[in-house]
$ cat coords-v2.cif   # mmCIF, C-alpha atoms and all ligand atoms
data_data
#
loop_
_atom_site.label_atom_id
_atom_site.label_comp_id
_atom_site.auth_asym_id
_atom_site.auth_seq_id
_atom_site.Cartn_x
_atom_site.Cartn_y
_atom_site.Cartn_z
CA MET A 50 6.49 -21.54 5.31
CA SER A 51 7.46 -18.53 7.49
CA LEU A 52 5.53 -18.62 10.75
CA ASP A 53 5.58 -16.02 13.48
CA ARG A 54 5.29 -16.82 17.18
CA PHE A 55 1.51 -16.31 17.07
CA GLY A 56 1.12 -18.94 14.35
CA ARG A 57 0.49 -16.48 11.52
CA ASN A 58 1.83 -17.64 8.15
CA ILE A 59 3.68 -14.64 6.74
CA ASN A 60 3.70 -15.08 2.97
CA TYR A 61 3.00 -11.63 1.52
CA LEU A 62 5.85 -9.18 0.93
CA ARG A 63 5.33 -5.54 0.03
CA ILE A 64 8.47 -4.10 -1.49
CA SER A 65 9.13 -0.38 -1.67
CA LEU A 66 11.10 0.20 -4.89
CA THR A 67 12.02 3.79 -4.06
CA ASP A 68 11.26 6.41 -1.44
CA LYS A 69 10.90 9.03 -4.20
CA CYS A 70 7.57 10.22 -5.53
CA ASN A 71 6.19 12.50 -8.22
CA LEU A 72 3.51 13.79 -5.78
CA ARG A 73 3.56 15.09 -2.19
CA CYS A 74 0.21 14.01 -0.71
CA VAL A 75 -0.50 16.02 2.43
CA TYR A 76 -1.18 12.92 4.55
CA CYS A 77 1.92 11.10 3.37
CA MET A 78 4.99 13.33 3.42
CA PRO A 79 6.09 16.90 4.01
CA GLU A 80 6.44 19.10 0.92
CA ASP A 81 10.19 19.56 1.46
CA MET A 82 10.82 15.82 1.86
CA THR A 83 14.44 14.77 1.37
CA PHE A 84 15.05 11.44 -0.33
CA ARG A 85 17.77 8.87 0.18
CA PRO A 86 20.79 8.81 -2.16
CA ARG A 87 20.51 6.07 -4.80
CA GLN A 88 23.42 4.03 -3.46
CA GLU A 89 21.59 3.60 -0.14
CA LEU A 90 18.73 1.83 -1.92
CA LEU A 91 18.57 -1.83 -2.89
CA GLN A 92 20.13 -2.24 -6.34
CA ASP A 93 18.46 -4.46 -8.95
CA GLU A 94 20.57 -7.58 -8.35
CA GLU A 95 20.19 -7.21 -4.57
CA LEU A 96 16.44 -6.95 -5.04
CA TYR A 97 16.22 -10.02 -7.28
CA ARG A 98 18.27 -12.02 -4.82
CA LEU A 99 15.98 -11.06 -1.94
CA VAL A 100 12.86 -11.85 -3.97
CA ARG A 101 14.24 -15.32 -4.69
CA ILE A 102 15.14 -15.85 -1.03
CA PHE A 103 11.72 -14.72 0.20
CA ALA A 104 10.03 -16.99 -2.37
CA GLU A 105 12.16 -19.91 -1.14
CA LEU A 106 10.96 -19.11 2.37
CA GLY A 107 7.33 -19.55 1.26
CA PHE A 108 6.34 -15.99 0.30
CA VAL A 109 3.91 -16.26 -2.62
CA LYS A 110 2.47 -12.79 -3.03
CA PHE A 111 4.58 -9.73 -3.86
CA ARG A 112 3.38 -6.13 -4.13
CA PHE A 113 5.52 -3.26 -5.38
CA THR A 114 5.00 0.12 -3.82
CA GLY A 115 7.03 3.25 -3.07
CA GLY A 116 7.21 6.20 -2.75
CA GLU A 117 5.96 5.82 -6.27
CA PRO A 118 7.10 2.48 -7.75
CA THR A 119 6.63 3.57 -11.37
CA VAL A 120 9.33 6.26 -11.06
CA ARG A 121 11.94 3.51 -10.77
CA SER A 122 13.17 3.42 -14.35
CA ASN A 123 13.28 -0.36 -14.81
CA VAL A 124 10.04 -1.16 -12.98
CA VAL A 125 8.82 -3.33 -15.89
CA GLU A 126 11.92 -5.51 -15.75
CA ILE A 127 11.63 -5.78 -11.96
CA VAL A 128 8.04 -7.00 -12.32
CA ARG A 129 9.07 -9.48 -15.02
CA ARG A 130 11.95 -10.94 -12.99
CA THR A 131 9.74 -11.24 -9.92
CA ALA A 132 6.86 -12.89 -11.80
CA GLU A 133 9.34 -15.40 -13.26
CA THR A 134 10.77 -16.34 -9.86
CA PRO A 135 9.81 -19.92 -8.89
CA GLY A 136 7.22 -19.91 -6.09
CA VAL A 137 5.81 -16.45 -6.86
CA ARG A 138 2.05 -16.73 -7.46
CA GLN A 139 0.92 -13.12 -7.55
CA VAL A 140 2.55 -9.80 -8.45
CA ALA A 141 0.66 -6.61 -7.64
CA MET A 142 1.41 -2.90 -7.38
CA THR A 143 0.17 0.13 -5.47
CA THR A 144 0.61 3.32 -7.48
CA ASN A 145 -0.68 6.85 -7.85
CA GLY A 146 -1.36 5.92 -11.49
CA LEU A 147 0.23 9.01 -13.04
CA LEU A 148 2.59 6.99 -15.25
CA LEU A 149 0.30 4.02 -15.90
CA ASP A 150 -0.98 5.48 -19.15
CA LYS A 151 2.28 4.38 -20.79
CA LEU A 152 3.28 1.60 -18.42
CA ALA A 153 0.11 -0.45 -17.90
CA GLN A 154 0.43 -2.57 -21.04
CA PRO A 155 4.15 -3.42 -20.62
CA LEU A 156 3.57 -4.11 -16.92
CA ALA A 157 0.70 -6.47 -17.73
CA GLU A 158 2.86 -8.27 -20.28
CA ALA A 159 5.61 -8.55 -17.66
CA GLY A 160 3.21 -10.33 -15.30
CA LEU A 161 1.50 -7.64 -13.20
CA GLN A 162 -1.89 -9.05 -12.21
CA ARG A 163 -3.37 -6.46 -9.87
CA VAL A 164 -3.05 -2.76 -9.32
CA ASN A 165 -4.29 -0.52 -6.52
CA ILE A 166 -4.53 3.03 -7.80
CA SER A 167 -4.76 5.92 -5.37
CA ILE A 168 -7.41 8.53 -6.13
CA ASP A 169 -8.72 10.44 -3.12
CA THR A 170 -11.28 12.53 -5.02
CA ILE A 171 -12.47 12.93 -8.59
CA ASN A 172 -12.65 16.72 -8.14
CA PRO A 173 -9.62 18.21 -9.99
CA GLU A 174 -9.10 21.17 -7.61
CA LYS A 175 -9.36 19.08 -4.47
CA PHE A 176 -7.09 16.45 -5.99
CA GLN A 177 -4.51 19.16 -6.44
CA THR A 178 -4.91 20.31 -2.86
CA LEU A 179 -4.51 16.79 -1.48
CA THR A 180 -1.54 15.83 -3.66
CA ARG A 181 -0.07 19.37 -3.69
CA TRP A 182 0.21 19.40 -7.53
CA GLY A 183 -1.37 16.28 -9.10
CA GLU A 184 -3.66 16.30 -12.16
CA VAL A 185 -6.56 13.91 -11.66
CA GLU A 186 -6.99 13.50 -15.46
CA GLU A 187 -3.62 11.74 -15.53
CA VAL A 188 -4.84 9.26 -12.94
CA TRP A 189 -7.97 8.58 -15.01
CA ALA A 190 -5.79 7.93 -18.05
CA GLY A 191 -3.81 5.46 -15.94
CA ILE A 192 -6.96 3.73 -14.69
CA HIS A 193 -8.29 3.31 -18.23
CA ALA A 194 -4.93 2.02 -19.47
CA ALA A 195 -4.82 -0.55 -16.66
CA GLN A 196 -8.34 -1.65 -17.50
CA ALA A 197 -7.51 -1.95 -21.21
CA ALA A 198 -4.43 -4.02 -20.30
CA GLY A 199 -6.60 -6.47 -18.34
CA ILE A 200 -5.09 -5.73 -14.92
CA GLU A 201 -7.47 -6.17 -11.96
CA ILE A 202 -8.15 -2.74 -10.48
CA LYS A 203 -8.84 -1.47 -6.98
CA LEU A 204 -9.06 2.23 -6.18
CA ASN A 205 -7.67 3.57 -2.89
CA ALA A 206 -8.84 6.76 -1.23
CA VAL A 207 -7.39 8.06 2.02
CA VAL A 208 -10.08 10.11 3.72
CA VAL A 209 -9.09 13.36 5.43
CA ARG A 210 -11.55 15.42 7.42
CA ASN A 211 -12.48 18.74 5.79
CA TYR A 212 -10.65 17.74 2.59
CA ASN A 213 -12.58 14.83 1.01
CA ASP A 214 -14.87 13.37 3.68
CA LYS A 215 -18.24 14.40 2.22
CA GLU A 216 -19.28 14.66 -1.49
CA ASP A 217 -15.90 13.30 -2.65
CA VAL A 218 -16.50 10.04 -0.81
CA VAL A 219 -20.00 9.83 -2.33
CA ASP A 220 -18.63 10.51 -5.85
CA LEU A 221 -16.08 7.72 -5.46
CA ALA A 222 -18.65 5.29 -4.05
CA ARG A 223 -20.95 6.07 -6.99
CA LEU A 224 -18.34 4.63 -9.37
CA THR A 225 -19.26 1.15 -8.12
CA LEU A 226 -22.70 1.54 -9.69
CA PHE A 227 -21.05 1.41 -13.13
CA GLN A 228 -17.73 -0.39 -12.66
CA HIS A 229 -16.73 -3.76 -11.20
CA TRP A 230 -13.91 -2.08 -9.26
CA GLN A 231 -13.42 -2.24 -5.51
CA VAL A 232 -13.31 1.33 -4.21
CA ARG A 233 -11.56 1.35 -0.85
CA PHE A 234 -11.66 4.03 1.81
CA ILE A 235 -8.55 4.06 3.99
CA GLU A 236 -8.45 5.46 7.49
CA MET A 237 -5.55 7.85 7.83
CA MET A 238 -2.67 6.53 9.96
CA PRO A 239 -0.18 8.59 11.97
CA PHE A 240 3.55 8.54 11.12
CA GLY A 241 6.61 10.61 11.95
CA ASP A 242 6.38 14.37 11.91
CA VAL A 243 3.01 14.48 10.08
CA ALA A 244 1.32 12.53 12.91
CA ASP A 245 -0.52 15.53 14.45
CA PHE A 246 -2.21 16.37 11.15
CA GLN A 247 -3.07 12.73 10.54
CA GLN A 248 -4.58 12.16 13.98
CA SER A 249 -6.74 15.27 13.89
CA GLY A 250 -8.04 14.48 10.38
CA ILE A 251 -9.07 10.87 10.84
CA VAL A 252 -12.67 10.01 9.81
CA PRO A 253 -14.16 6.85 11.35
CA GLU A 254 -15.60 4.17 9.04
CA ALA A 255 -19.12 4.37 10.53
CA GLU A 256 -19.32 8.06 9.66
CA LEU A 257 -18.21 7.40 6.08
CA ARG A 258 -20.78 4.66 5.60
CA ALA A 259 -23.50 6.98 6.90
CA THR A 260 -22.40 9.76 4.51
CA ILE A 261 -22.53 7.37 1.55
CA ALA A 262 -25.87 5.83 2.57
CA GLU A 263 -27.47 9.26 2.91
CA SER A 264 -26.85 9.96 -0.81
CA LEU A 265 -26.75 6.54 -2.44
CA GLY A 266 -28.96 4.33 -0.29
CA PRO A 267 -28.20 1.51 2.14
CA LEU A 268 -24.93 -0.42 2.08
CA GLU A 269 -25.15 -4.22 2.25
CA LEU A 270 -22.40 -6.16 3.98
CA VAL A 271 -20.64 -8.55 1.58
CA ASP A 272 -19.54 -12.09 2.63
CA ASN A 273 -20.88 -11.63 6.17
CA GLY A 274 -18.08 -9.17 6.87
CA ARG A 275 -15.23 -11.56 6.04
CA LEU A 276 -12.16 -9.43 5.32
CA ASP A 277 -10.84 -9.20 1.77
CA GLY A 278 -7.17 -8.65 2.63
CA GLU A 279 -7.46 -5.75 5.01
CA ALA A 280 -10.81 -4.42 3.70
CA ARG A 281 -14.33 -5.05 4.97
CA LEU A 282 -16.63 -5.04 1.95
CA TYR A 283 -20.05 -3.51 1.32
CA ARG A 284 -22.15 -3.08 -1.80
CA LEU A 285 -24.69 -0.47 -2.83
CA GLN A 286 -28.07 -2.01 -3.65
CA GLU A 287 -27.66 -1.35 -7.37
CA GLY A 288 -23.87 -1.70 -7.26
CA ILE A 289 -21.76 -3.98 -9.46
CA GLY A 290 -18.48 -3.14 -7.71
CA ASN A 291 -17.68 -3.22 -4.00
CA LEU A 292 -16.92 -0.62 -1.38
CA GLY A 293 -14.04 -1.56 0.91
CA PHE A 294 -13.24 0.02 4.26
CA ILE A 295 -9.72 -0.29 5.65
CA SER A 296 -9.84 0.83 9.23
CA SER A 297 -6.41 -0.05 10.51
CA VAL A 298 -6.56 2.44 13.38
CA THR A 299 -10.06 1.90 14.80
CA GLN A 300 -10.63 -1.74 13.76
CA PRO A 301 -7.21 -3.40 13.35
CA PHE A 302 -7.01 -6.74 11.54
CA CYS A 303 -3.80 -7.98 13.17
CA ALA A 304 -5.01 -11.57 13.72
CA SER A 305 -5.25 -12.15 9.98
CA CYS A 306 -2.13 -10.20 9.01
CA THR A 307 0.17 -12.13 6.66
CA ARG A 308 2.34 -9.19 5.59
CA ALA A 309 5.91 -8.12 5.88
CA ARG A 310 7.46 -5.08 4.21
CA LEU A 311 10.83 -4.52 2.61
CA THR A 312 11.83 -0.85 2.56
CA ALA A 313 13.76 0.63 -0.36
CA ASP A 314 16.87 0.82 1.86
CA GLY A 315 16.71 -2.88 2.62
CA ARG A 316 15.01 -3.09 6.02
CA LEU A 317 12.43 -5.76 6.77
CA ARG A 318 9.57 -4.02 8.58
CA LEU A 319 7.31 -6.46 10.33
CA CYS A 320 4.36 -4.18 11.12
CA LEU A 321 3.40 -1.02 9.27
CA LEU A 322 2.63 0.82 12.51
CA ARG A 323 5.60 -0.33 14.62
CA GLU A 324 9.18 0.86 14.36
CA LYS A 325 10.76 -2.59 14.67
CA GLU A 326 12.84 -3.39 11.56
CA VAL A 327 15.49 -5.93 10.62
CA ASN A 328 18.49 -4.71 8.65
CA LEU A 329 18.98 -6.93 5.60
CA MET A 330 21.09 -4.43 3.65
CA ASP A 331 24.24 -4.71 5.76
CA PRO A 332 24.46 -8.51 5.74
CA LEU A 333 23.58 -8.47 2.04
CA ARG A 334 26.46 -6.08 1.28
CA ASN A 335 28.84 -7.76 3.72
CA GLY A 336 28.78 -11.12 1.94
CA ALA A 337 26.11 -13.06 3.85
CA SER A 338 25.18 -16.40 2.27
CA ASP A 339 21.62 -17.25 1.25
CA GLU A 340 21.34 -19.48 4.33
CA GLN A 341 22.50 -16.67 6.63
CA LEU A 342 20.01 -14.22 5.08
CA LYS A 343 17.21 -16.76 5.41
CA ALA A 344 18.01 -17.25 9.08
CA ILE A 345 17.92 -13.47 9.69
CA ILE A 346 14.56 -13.17 7.89
CA GLU A 347 13.04 -16.15 9.71
CA GLU A 348 14.14 -14.76 13.06
CA GLY A 349 12.63 -11.35 12.18
CA VAL A 350 9.35 -12.89 11.06
CA TRP A 351 9.16 -14.96 14.24
CA TRP A 352 9.22 -11.75 16.30
CA LYS A 353 6.67 -9.89 14.16
CA PRO A 354 4.71 -7.67 16.58
CA TRP A 355 1.06 -8.45 17.21
CA GLY A 356 -0.32 -5.03 16.35
CA HIS A 357 -0.17 -1.33 16.79
CA LYS A 358 -0.28 0.54 20.10
CA LEU A 359 -1.82 3.77 18.90
CA ASP A 360 -4.33 3.66 21.78
CA GLN A 361 -1.31 3.87 24.12
CA GLU A 362 0.05 6.83 22.16
CA VAL A 363 2.83 4.73 20.59
CA ILE A 364 3.23 6.32 17.15
CA PRO A 365 5.87 5.12 14.68
CA LEU A 366 8.28 8.03 14.29
CA ASN A 367 11.24 6.59 12.42
CA ARG A 368 9.68 6.87 8.94
CA VAL A 369 6.80 8.52 7.11
CA MET A 370 4.42 6.49 4.95
CA SER A 371 6.23 7.10 1.65
CA GLU A 372 9.33 5.42 3.09
CA ILE A 373 7.40 2.26 4.00
CA GLY A 374 4.95 1.99 1.12
CA GLY A 375 1.61 1.31 2.80
N1 LIG A 401 2.64 6.20 -4.34
C1 LIG A 401 1.79 5.07 -4.35
C2 LIG A 401 0.36 5.44 -4.06
O1 LIG A 401 0.12 6.57 -3.62
O2 LIG A 401 -0.50 4.60 -4.25
C3 LIG A 401 2.26 3.96 -3.43
C4 LIG A 401 2.79 4.35 -2.09
S1 LIG A 401 1.58 5.05 -1.00
C5 LIG A 401 2.54 5.34 0.45
C6 LIG A 401 0.58 3.62 -0.62
C7 LIG A 401 -0.79 3.91 -0.07
O3 LIG A 401 -0.67 4.49 1.20
C8 LIG A 401 -1.61 4.88 -0.92
O4 LIG A 401 -2.88 4.34 -1.17
C9 LIG A 401 -1.70 6.09 -0.04
O5 LIG A 401 -2.88 6.81 -0.29
C10 LIG A 401 -1.65 5.48 1.34
N2 LIG A 401 -1.24 6.40 2.41
C11 LIG A 401 -0.27 7.33 2.39
N3 LIG A 401 -0.17 7.96 3.57
C12 LIG A 401 -1.11 7.41 4.38
C13 LIG A 401 -1.51 7.62 5.74
N4 LIG A 401 -0.93 8.52 6.52
N5 LIG A 401 -2.50 6.83 6.23
C14 LIG A 401 -3.12 5.91 5.47
N6 LIG A 401 -2.78 5.65 4.19
C15 LIG A 401 -1.79 6.41 3.64
FE1 LIG A 402 3.48 9.77 -3.25
FE2 LIG A 402 1.82 7.76 -2.79
FE3 LIG A 402 2.76 9.25 -0.77
FE4 LIG A 402 1.05 10.34 -2.46
S1 LIG A 402 0.65 8.60 -1.09
S2 LIG A 402 2.98 11.27 -1.73
S3 LIG A 402 1.58 9.37 -4.33
S4 LIG A 402 3.96 7.93 -2.04
#
$ encode --input "coords-v2.cif" --output "structure tokens"
Amino acid sequence: MSLDRFGRNINYLRISLTDKCNLRCVYCMPEDMTFRPRQELLQDEELYRLVRIFAELGFVKFRFTGGEPTVRSNVVEIVRRTAETPGVRQVAMTTNGLLLDKLAQPLAEAGLQRVNISIDTINPEKFQTLTRWGEVEEVWAGIHAAQAAGIEIKLNAVVVRNYNDKEDVVDLARLTLFQHWQVRFIEMMPFGDVADFQQSGIVPEAELRATIAESLGPLELVDNGRLDGEARLYRLQEGIGNLGFISSVTQPFCASCTRARLTADGRLRLCLLREKEVNLMDPLRNGASDEQLKAIIEEGVWWKPWGHKLDQEVIPLNRVMSEIGG
């Protein structure tokens, strides 16, 4: 078990497989983003070794993210090796879904149990504006392929004022009348040099719920408001799926946080919204033993920060979202 100094059991690792992406969402990265050279990223064997070490330290849940995790050419093999690692109970992925049409079935066979697919609007033109060039039909093909492959699906939408905060949110919420999916609305978070845009475009959860209720009727709180991961769940009266609200900025869930993140360049990031990171790459490449790496990870976890300090204007500047993975 990996405990931090506040008694939280940190057992969920989100691994960024690459900082590269086949989209350029406006809230995530600048259009002219430069990516890290391949040799600076964790290589396959380095990754497998770290997965084994984290599992031996009591991590049970692993989620692959990016950039876009499916652009890493051997993503299926990475999922398989992770799912086979003793101690690993759940393997999940967060993806923009563009390549899932072909990959969903092999990923499911390799052991992928859950997928969060990002779709900020079902309107093709607006989808293009938000992603800078994405085709929403390709995401739908990915969603259907994941469903056919038997992978549990959640949909993620980041809400940006004046882009998708009105009818788009209602359209997405309406999907839960016909599908058992969880449709989750994510409050935009500020990072690096896109922070000004992100802060001015944030839409509070209460406003979103009111917009949805106005068109689709009242929202009922699910499970007395108990968080499902980071999401507070609601249901439309006739709904078969759930609506989730992830309000990391205005209603942080730090007390129940069990997460750590491994960036594609081998840094252990203890809180999404804080710059503190522990360099695992250098010891890994300089011959550290498993025991030495475990000690470095345990020390890092122990000092995991409590939460963000956005209200004190402390904004993480050292990376943008695509370099951390969400
Ligand atoms: N490319 C994959 C995708 O888009 O799902 C995985 C990586 S992406 C960084 C992970 C999640 O973070 C996505 O759901 C994305 O919409 C969300 N995200 C990106 N930038 C964000 C921001 N500034 N605030 C909140 N969520 C953000
Ligand atoms: Fe790529 Fe995901 Fe960032 Fe969009 S949110 S640019 S799909 S990493």
$ closest_residue --input "coords-v2.cif" --among "A:Ala262, A:Cys303, A:Leu52, A:Leu147" --to "Val185 in chain A" --atoms "all atoms listed in the file"
A:Leu147
$ atom_distance --input "coords-v2.cif" --atom1 "CA of Thr131 in chain A" --atom2 "CA of Gly146 in chain A"
20.5 Å
$ closest_atom_pairs --input "coords-v2.cif" --of "chain A" --to "ligand LIG 402 (chain A)" --cutoff "6 Å" --atoms "all atoms listed in the file" --output "tab-separated table"
residue	atom	partner	partner_atom	distance
A:Cys70	CA	A:LIG402	FE1	4.7
A:Leu72	CA	A:LIG402	FE1	4.7
A:Arg73	CA	A:LIG402	S2	3.9
A:Cys74	CA	A:LIG402	S2	4.0
A:Cys77	CA	A:LIG402	FE3	4.6
A:Met78	CA	A:LIG402	S2	5.9
A:Gly115	CA	A:LIG402	S4	5.7
A:Gly116	CA	A:LIG402	S4	3.7
A:Glu117	CA	A:LIG402	S4	5.1
A:Asn145	CA	A:LIG402	S3	4.9
A:Ser371	CA	A:LIG402	S4	4.4
$ closest_atom_pairs --input "coords-v2.cif" --of "range 260-363 of chain A" --to "range 104-111 of chain A" --cutoff "10 Å" --atoms "only C-alpha atoms" --output "JSON lines"
{"residue": "A:Thr307", "atom": "CA", "partner": "A:Phe108", "partner_atom": "CA", "distance": 9.7}
{"residue": "A:Arg308", "atom": "CA", "partner": "A:Lys110", "partner_atom": "CA", "distance": 9.3}
{"residue": "A:Ala309", "atom": "CA", "partner": "A:Phe108", "partner_atom": "CA", "distance": 9.7}
{"residue": "A:Arg310", "atom": "CA", "partner": "A:Phe111", "partner_atom": "CA", "distance": 9.7}
{"residue": "A:Lys343", "atom": "CA", "partner": "A:Leu106", "partner_atom": "CA", "distance": 7.3}
{"residue": "A:Ala344", "atom": "CA", "partner": "A:Leu106", "partner_atom": "CA", "distance": 9.9}
{"residue": "A:Ile346", "atom": "CA", "partner": "A:Leu106", "partner_atom": "CA", "distance": 8.9}
{"residue": "A:Glu347", "atom": "CA", "partner": "A:Leu106", "partner_atom": "CA", "distance": 8.2}
$ axis_aligned_box --input "coords-v2.cif" --around "ligand LIG 401 (chain A)" --padding-each-side "8 Å" --output "JSON"
{"center_x": -0.2, "center_y": 6.1, "center_z": 1.1, "size_x": 21.9, "size_y": 20.9, "size_z": 26.9}
$ atom_distance --input "coords-v2.cif" --atom1 "atom C1 of ligand LIG 401 (chain A)" --atom2 "CA of Leu285 in chain A"
27.1 Å
$ residues_around --input "coords-v2.cif" --residues "Leu276 in chain A" --least-positions-apart "4" --cutoff "10 Å" --atoms "only C-alpha atoms" --output "mmCIF file with C-alpha atoms, in the coordinates of the input"
data_model
loop_
_atom_site.group_PDB
_atom_site.id
_atom_site.type_symbol
_atom_site.label_atom_id
_atom_site.label_comp_id
_atom_site.auth_asym_id
_atom_site.auth_seq_id
_atom_site.Cartn_x
_atom_site.Cartn_y
_atom_site.Cartn_z
ATOM 1 C CA VAL A 271 -20.640 -8.550 1.580
ATOM 2 C CA ASP A 272 -19.540 -12.090 2.630
ATOM 3 C CA ALA A 280 -10.810 -4.420 3.700
ATOM 4 C CA ARG A 281 -14.330 -5.050 4.970
ATOM 5 C CA LEU A 282 -16.630 -5.040 1.950
ATOM 6 C CA GLY A 293 -14.040 -1.560 0.910
ATOM 7 C CA PHE A 294 -13.240 0.020 4.260
ATOM 8 C CA ILE A 295 -9.720 -0.290 5.650
ATOM 9 C CA PHE A 302 -7.010 -6.740 11.540
ATOM 10 C CA SER A 305 -5.250 -12.150 9.980
#
